[in-house]
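Just upload39.cif here, mmCIF, C-alpha atoms:
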```cif
data_structure
#
loop_
_atom_site.label_atom_id
_atom_site.label_comp_id
_atom_site.auth_asym_id
_atom_site.auth_seq_id
_atom_site.Cartn_x
_atom_site.Cartn_y
_atom_site.Cartn_z
CA MET M 1 -19.89 -8.05 20.86
CA THR M 2 -21.00 -9.15 17.42
CA LEU M 3 -19.34 -11.73 15.23
CA GLN M 4 -18.43 -8.94 12.81
CA VAL M 5 -16.35 -7.13 15.45
CA ILE M 6 -14.52 -10.35 16.36
CA PHE M 7 -13.59 -11.13 12.74
CA LEU M 8 -12.76 -7.50 12.03
CA ALA M 9 -10.39 -7.42 15.02
CA PHE M 10 -8.87 -10.81 14.10
CA PHE M 11 -8.06 -9.87 10.50
CA GLY M 12 -7.05 -6.37 11.59
CA ILE M 13 -4.55 -7.65 14.16
CA ALA M 14 -3.21 -10.07 11.52
CA ALA M 15 -2.80 -7.16 9.06
CA VAL M 16 -0.93 -5.04 11.63
CA TRP M 17 1.21 -7.98 12.80
CA PHE M 18 2.31 -8.84 9.25
CA GLY M 19 2.88 -5.11 8.64
CA VAL M 20 5.32 -5.09 11.57
CA VAL M 21 7.00 -8.28 10.30
CA VAL M 22 7.70 -6.50 6.97
CA PHE M 23 10.23 -4.25 8.73
CA ARG M 24 11.49 -6.70 11.32
CA THR M 25 12.77 -9.52 9.14
CA HIS M 26 16.17 -9.37 7.43
CA SER M 27 14.96 -11.40 4.46
CA MET M 28 13.59 -9.26 1.63
CA VAL M 29 11.52 -12.14 0.26
CA ARG M 30 9.94 -12.65 3.67
CA SER M 31 9.22 -8.91 3.80
CA ALA M 32 7.37 -9.07 0.47
CA LEU M 33 5.44 -12.15 1.61
CA ALA M 34 4.56 -10.51 4.94
CA LEU M 35 3.22 -7.48 3.06
CA LEU M 36 1.20 -9.85 0.86
CA PHE M 37 -0.34 -11.47 3.96
CA SER M 38 -1.00 -8.06 5.48
CA GLN M 39 -2.80 -6.85 2.34
CA THR M 40 -4.72 -10.14 2.12
CA ALA M 41 -5.89 -9.69 5.73
CA ILE M 42 -7.05 -6.19 4.77
CA GLY M 43 -8.98 -7.75 1.85
CA ALA M 44 -10.56 -10.15 4.36
CA MET M 45 -11.53 -7.13 6.48
CA PHE M 46 -13.33 -5.69 3.45
CA LEU M 47 -15.20 -8.98 3.07
CA VAL M 48 -16.19 -8.83 6.75
CA MET M 49 -17.41 -5.25 6.17
CA GLN M 50 -19.62 -6.64 3.37
CA ALA M 51 -17.72 -4.88 0.58
CA GLU M 52 -17.36 -8.13 -1.37
CA PHE M 53 -16.20 -6.70 -4.69
CA LEU M 54 -13.53 -4.52 -3.09
CA GLY M 55 -12.36 -7.38 -0.86
CA VAL M 56 -11.84 -9.78 -3.75
CA LEU M 57 -10.25 -7.01 -5.82
CA GLN M 58 -7.86 -6.15 -3.00
CA ILE M 59 -6.75 -9.77 -2.54
CA MET M 60 -6.31 -10.40 -6.27
CA MET M 61 -4.52 -7.12 -6.95
CA MET M 62 -2.19 -7.37 -3.97
CA ALA M 63 -1.31 -11.02 -4.68
CA THR M 64 -0.04 -9.95 -8.10
CA GLU M 65 1.58 -6.76 -6.86
CA MET M 66 3.46 -8.43 -4.03
CA SER M 67 4.63 -11.30 -6.24
CA VAL M 68 6.16 -8.71 -8.57
CA MET M 69 7.67 -7.00 -5.52
CA ALA M 70 9.25 -10.26 -4.34
CA ILE M 71 10.82 -10.76 -7.79
CA PHE M 72 12.24 -7.22 -7.68
CA MET M 73 13.59 -7.88 -4.20
CA VAL M 74 15.48 -10.95 -5.40
CA MET M 75 16.81 -9.03 -8.42
CA PHE M 76 17.98 -5.95 -6.54
CA MET M 77 19.42 -7.45 -3.39
CA MET M 78 22.76 -9.12 -2.98
CA ASP M 79 21.33 -10.98 0.01
CA PRO M 80 17.60 -11.53 -0.63
CA GLY M 81 17.42 -14.38 1.88
CA GLY M 82 18.78 -12.18 4.67
CA MET M 83 21.45 -14.68 5.69
CA GLY M 84 23.95 -11.90 6.35
CA ALA M 85 21.50 -10.09 8.69
CA MET M 86 22.33 -6.74 7.04
CA ASP M 87 20.93 -3.66 8.78
CA MET M 88 19.12 -1.53 6.21
CA THR M 89 17.73 1.12 8.50
CA HIS M 90 18.67 4.66 9.41
CA GLN M 91 17.30 7.39 11.75
CA LYS M 92 15.49 4.64 13.65
CA ARG M 93 14.66 6.69 16.74
CA LEU M 94 13.25 9.59 14.71
CA SER M 95 11.17 7.17 12.61
CA LEU M 96 9.82 5.46 15.73
CA ARG M 97 8.85 8.81 17.20
CA ALA M 98 7.20 9.93 13.94
CA GLY M 99 5.28 6.64 13.71
CA ALA M 100 4.16 6.90 17.36
CA VAL M 101 3.07 10.54 16.96
CA GLY M 102 1.16 9.65 13.78
CA LEU M 103 -0.53 6.75 15.59
CA VAL M 104 -1.49 8.79 18.66
CA ALA M 105 -2.81 11.68 16.54
CA ALA M 106 -4.88 9.29 14.43
CA LEU M 107 -6.21 7.53 17.55
CA ALA M 108 -7.21 10.87 19.08
CA VAL M 109 -9.11 11.80 15.92
CA ILE M 110 -10.80 8.38 15.93
CA TRP M 111 -11.76 8.05 19.60
CA LEU M 112 -12.65 11.63 20.58
CA PRO M 113 -15.55 12.52 18.25
CA ASP M 114 -19.01 11.04 18.41
CA TRP M 115 -19.57 9.22 15.14
CA GLY M 116 -23.27 8.76 15.72
CA PRO M 117 -25.24 5.60 15.07
CA ILE M 118 -23.81 3.14 12.57
CA ALA M 119 -25.77 1.72 9.64
CA ALA M 120 -27.18 -1.73 10.29
CA THR M 121 -27.70 -2.87 6.70
CA VAL M 122 -25.91 -2.41 3.39
CA PRO M 123 -27.01 -3.06 -0.18
CA SER M 124 -26.45 -6.65 -1.34
CA ALA M 125 -23.23 -7.53 -3.22
CA GLY M 126 -25.01 -7.54 -6.57
CA GLU M 127 -26.73 -4.25 -5.86
CA GLN M 128 -23.41 -2.68 -4.79
CA ILE M 129 -21.72 -3.65 -8.06
CA LYS M 130 -24.67 -2.35 -10.07
CA LEU M 131 -24.62 0.97 -8.20
CA LEU M 132 -20.82 1.21 -8.51
CA GLY M 133 -21.07 0.60 -12.26
CA PHE M 134 -23.63 3.39 -12.62
CA GLU M 135 -21.47 5.65 -10.43
CA LEU M 136 -18.28 4.99 -12.42
CA LEU M 137 -19.90 5.45 -15.80
CA GLY M 138 -22.15 8.30 -14.70
CA ARG M 139 -21.47 11.01 -12.16
CA SER M 140 -17.86 10.01 -11.39
CA MET M 141 -16.83 9.16 -14.96
CA PHE M 142 -14.39 12.06 -15.21
CA ILE M 143 -12.54 11.00 -12.03
CA PHE M 144 -12.54 7.36 -13.14
CA GLU M 145 -11.18 8.23 -16.59
CA SER M 146 -8.55 10.48 -14.97
CA ALA M 147 -7.39 7.52 -12.86
CA GLY M 148 -7.09 5.38 -16.00
CA LEU M 149 -5.12 8.09 -17.78
CA THR M 150 -2.87 8.51 -14.73
CA ILE M 151 -2.08 4.78 -14.73
CA LEU M 152 -1.29 4.90 -18.45
CA THR M 153 0.99 7.93 -17.95
CA ALA M 154 2.71 6.20 -15.03
CA MET M 155 3.25 3.05 -17.11
CA VAL M 156 4.82 5.05 -19.95
CA ALA M 157 6.90 7.13 -17.50
CA ALA M 158 8.10 4.05 -15.57
CA THR M 159 9.09 2.30 -18.82
CA MET M 160 10.91 5.39 -20.09
CA VAL M 161 12.80 5.79 -16.81
CA ALA M 162 13.70 2.10 -16.69
CA ILE M 163 14.93 1.85 -20.30
CA ALA M 164 18.66 2.50 -20.50
CA PRO M 165 19.57 5.61 -22.53
CA GLN M 166 20.78 4.78 -26.04
CA SER M 167 24.20 6.33 -25.45
CA GLU M 168 24.70 4.12 -22.38
CA THR M 169 23.74 0.98 -24.32
CA ALA M 170 26.04 1.99 -27.22
CA ASN M 171 28.95 2.60 -24.83
CA LYS M 172 28.41 -0.77 -23.18
CA GLY M 173 28.30 -2.44 -26.63
CA ALA M 174 31.52 -0.72 -27.63
CA ARG M 175 33.20 -1.80 -24.40
CA ASP M 176 32.04 -5.38 -24.86
CA GLY M 177 33.23 -5.35 -28.51
CA ALA M 178 36.65 -4.08 -27.48
CA MET G 1 -23.06 0.82 18.97
CA GLU G 2 -20.15 2.10 16.96
CA LEU G 3 -17.57 -0.44 18.11
CA GLU G 4 -17.17 -1.92 14.61
CA LEU G 5 -16.26 1.47 13.18
CA LEU G 6 -13.79 2.22 15.99
CA VAL G 7 -12.10 -1.18 15.61
CA ALA G 8 -11.67 -0.70 11.85
CA LEU G 9 -10.36 2.87 12.24
CA THR G 10 -7.99 1.91 15.07
CA ILE G 11 -6.48 -0.84 12.93
CA ALA G 12 -6.09 1.65 10.09
CA ALA G 13 -4.33 4.03 12.50
CA ALA G 14 -1.95 1.25 13.60
CA LEU G 15 -1.14 0.41 9.97
CA PHE G 16 -0.54 4.10 9.28
CA GLY G 17 1.91 4.29 12.21
CA VAL G 18 3.76 1.15 11.09
CA GLY G 19 3.88 2.39 7.48
CA LEU G 20 5.17 5.81 8.55
CA TYR G 21 7.89 4.20 10.65
CA GLY G 22 8.85 1.89 7.78
CA SER G 23 8.98 4.53 5.08
CA LEU G 24 11.14 6.82 7.24
CA SER G 25 13.49 4.22 8.70
CA GLN G 26 14.36 2.07 5.67
CA THR G 27 17.30 2.81 3.40
CA ASN G 28 16.29 0.46 0.58
CA LEU G 29 13.99 2.02 -2.05
CA VAL G 30 11.80 -1.10 -2.36
CA MET G 31 11.34 -1.21 1.42
CA ILE G 32 10.35 2.49 1.41
CA ILE G 33 7.74 1.64 -1.24
CA MET G 34 6.44 -1.09 1.10
CA GLY G 35 5.99 1.48 3.88
CA VAL G 36 4.03 3.77 1.57
CA GLU G 37 1.87 0.80 0.53
CA LEU G 38 0.96 0.24 4.20
CA ILE G 39 0.02 3.92 4.62
CA LEU G 40 -2.22 3.72 1.54
CA ALA G 41 -3.73 0.46 2.83
CA ALA G 42 -4.70 2.35 6.02
CA ALA G 43 -6.48 4.92 3.83
CA LEU G 44 -8.31 2.06 2.07
CA ILE G 45 -9.58 0.65 5.38
CA ASN G 46 -10.77 4.10 6.48
CA MET G 47 -12.65 4.58 3.25
CA VAL G 48 -14.39 1.19 3.35
CA ALA G 49 -15.20 1.56 7.09
CA PHE G 50 -16.76 5.01 6.59
CA TRP G 51 -18.78 3.70 3.66
CA ARG G 52 -19.96 0.58 5.51
CA TYR G 53 -20.79 2.06 8.91
CA LEU G 54 -21.75 5.65 8.20
CA HIS G 55 -22.93 6.01 4.59
CA PRO G 56 -23.67 2.65 2.93
CA ASP G 57 -26.00 4.40 0.50
CA VAL G 58 -23.24 6.67 -0.88
CA ILE G 59 -21.56 4.37 -3.39
CA ALA G 60 -19.07 7.11 -4.43
CA ALA G 61 -17.01 6.03 -1.39
CA GLN G 62 -16.30 2.70 -3.12
CA MET G 63 -15.24 4.63 -6.21
CA PHE G 64 -12.63 6.45 -4.12
CA VAL G 65 -11.34 3.06 -2.91
CA LEU G 66 -10.71 2.19 -6.55
CA ILE G 67 -8.88 5.51 -7.00
CA ILE G 68 -6.63 4.76 -3.98
CA MET G 69 -5.90 1.31 -5.44
CA ALA G 70 -4.94 3.04 -8.71
CA VAL G 71 -2.64 5.36 -6.74
CA MET G 72 -1.01 2.29 -5.13
CA ALA G 73 -0.38 0.75 -8.56
CA VAL G 74 1.00 4.03 -9.94
CA GLU G 75 3.27 4.50 -6.92
CA MET G 76 4.67 1.01 -7.36
CA ALA G 77 5.17 1.32 -11.12
CA VAL G 78 7.01 4.64 -10.87
CA GLY G 79 8.97 3.48 -7.81
CA PHE G 80 10.20 0.36 -9.57
CA GLY G 81 10.99 2.36 -12.70
CA ILE G 82 13.24 4.62 -10.63
CA ALA G 83 14.68 1.56 -8.84
CA ILE G 84 15.63 -0.08 -12.15
CA ALA G 85 17.21 3.12 -13.47
CA ARG G 86 19.17 3.57 -10.24
CA PHE G 87 20.27 -0.07 -10.11
CA ARG G 88 21.49 0.21 -13.68
CA SER G 89 23.50 3.36 -13.14
CA ARG G 90 24.72 2.82 -9.56
CA GLY G 91 24.33 -0.93 -8.96
CA SER G 92 22.28 -0.38 -5.81
CA VAL G 93 18.88 0.88 -4.65
CA GLU G 94 20.19 2.12 -1.28
CA MET G 95 18.80 5.60 -0.73
CA GLU G 96 21.67 6.54 1.61
CA GLU G 97 23.80 6.77 -1.51
CA ALA G 98 21.32 8.96 -3.40
CA ARG G 99 22.76 12.40 -2.80
CA GLU G 100 22.84 13.82 -6.32
CA LEU G 101 20.08 16.34 -5.66
CA ARG G 102 21.70 17.67 -2.50
CA GLY G 103 22.77 21.30 -3.05
#
```

Serialized structure, structure tokens:
Amino acid sequence: MTLQVIFLAFFGIAAVWFGVVVFRTHSMVRSALALLFSQTAIGAMFLVMQAEFLGVLQIMMMATEMSVMAIFMVMFMMDPGGMGAMDMTHQKRLSLRAGAVGLVAALAVIWLPDWGPIAATVPSAGEQIKLLGFELLGRSMFIFESAGLTILTAMVAATMVAIAPQSETANKGARDGA
Amino acid sequence: MELELLVALTIAAALFGVGLYGSLSQTNLVMIIMGVELILAAALINMVAFWRYLHPDVIAAQMFVLIIMAVMAVEMAVGFGIAIARFRSRGSVEMEEARELRG
């Protein structure tokens, strides 16, 4: 067993464990932090798999994303600390079954086929970034630009949905004035 | 020896199962978003593992990882936009109460 397998399994188990903690704790802030740790462990897995750029990107992106998520949790919840031990689940048995079926199906797909020999070496980190740059601004430019445009559209859409309609704001102002 | 690939894919499968359970069982919109994030994270691991262990010379696989990360960001932005709108109009992001579209 190589060192890579050991580290891969270690960070992988950490990622799955924190993923389970997300749905087991009553505290919303703890949930967001557990998801942050889970995503960070996944970033560490990328580093173990010698995808340095993607690993660092994953950790940086998820740290920001989960911090924002924790803020939203505090804003939206009456009990963000989970002191009241509120149950926020439904159809638990069905969800468990669906999760188990999904897991077993995925495991069957993973373990049954013969994947063939695995590659022993990968391009160096610098070479990977160079190749990725050429890929993004060459053959895959259309897909890359589409992703950028999609993010822009989502940002505009999210802002438009989140902004209160003018009539609602005017009504609130009138109520406050009265 | 393909043990590395199997370990990575098995972990991705476990994360997929946990994410599926979470997104189906939670009633809070933000928690549902967290479940979907875990499912997408499983897809990320699959993509990187396939690139690393089967086709390290095909760099387009890394490009698709970036696309999945973009999808994660989009999903979160739109999800939170809907959450804010819902919190403003109903004072809650509990999806049990969201029955407006029911016929």

d(CA of Gly12 in chain M, CA of Lys92 in chain M) in Å: 25.2 Å

Result set of the PyMOL selection byres ((chain G) within 7 of (chain M)) on the coordinates above, as a count of residues only: 40

Length of the CA of His55 in chain G to CA of Ala12 in chain G vector [Å]: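 Pair CA of His55 in chain G / CA of Ala12 in chain G returns 18.2 Å.
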
Residues matched by the PyMOL selection byres ((chain G and resi 37) around 9), written as an NGL selection string: (:M and (35)) or (:G and (19 or 32-36 or 38-42 or 72 or 75-76))

Between CA of Asn46 in chain G and CA of Leu29 in chain G, distance in Å (one decimal):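 The value is 26.3 Å.
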
What box, with edges along x, y and z, holds each listed atom of range 35-49 of chain M when 4 Å is added on every side, and can you state its centre and edge lengths in Å to one decimal, as lines of an AutoDock Vina configuration file?
```
center_x = -7.1
center_y = -8.4
center_z = 3.8
size_x = 28.6
size_y = 14.2
size_z = 13.9
```

Which of G:Leu3, G:Ser92, G:Ile45, G:Ile68 sits closest to Val30 in chain G [using all atoms listed in the file]: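 Counting all atoms listed in the file, the residue closest to Val30 in chain G is G:Ser92.
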
Best match for closeness to Val65 in chain G among G:Phe80, G:Glu96, G:Met47, G:Gly91, counting all atoms listed in the file: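 Using all atoms listed in the file, the shortest distance to Val65 in chain G belongs to G:Met47.
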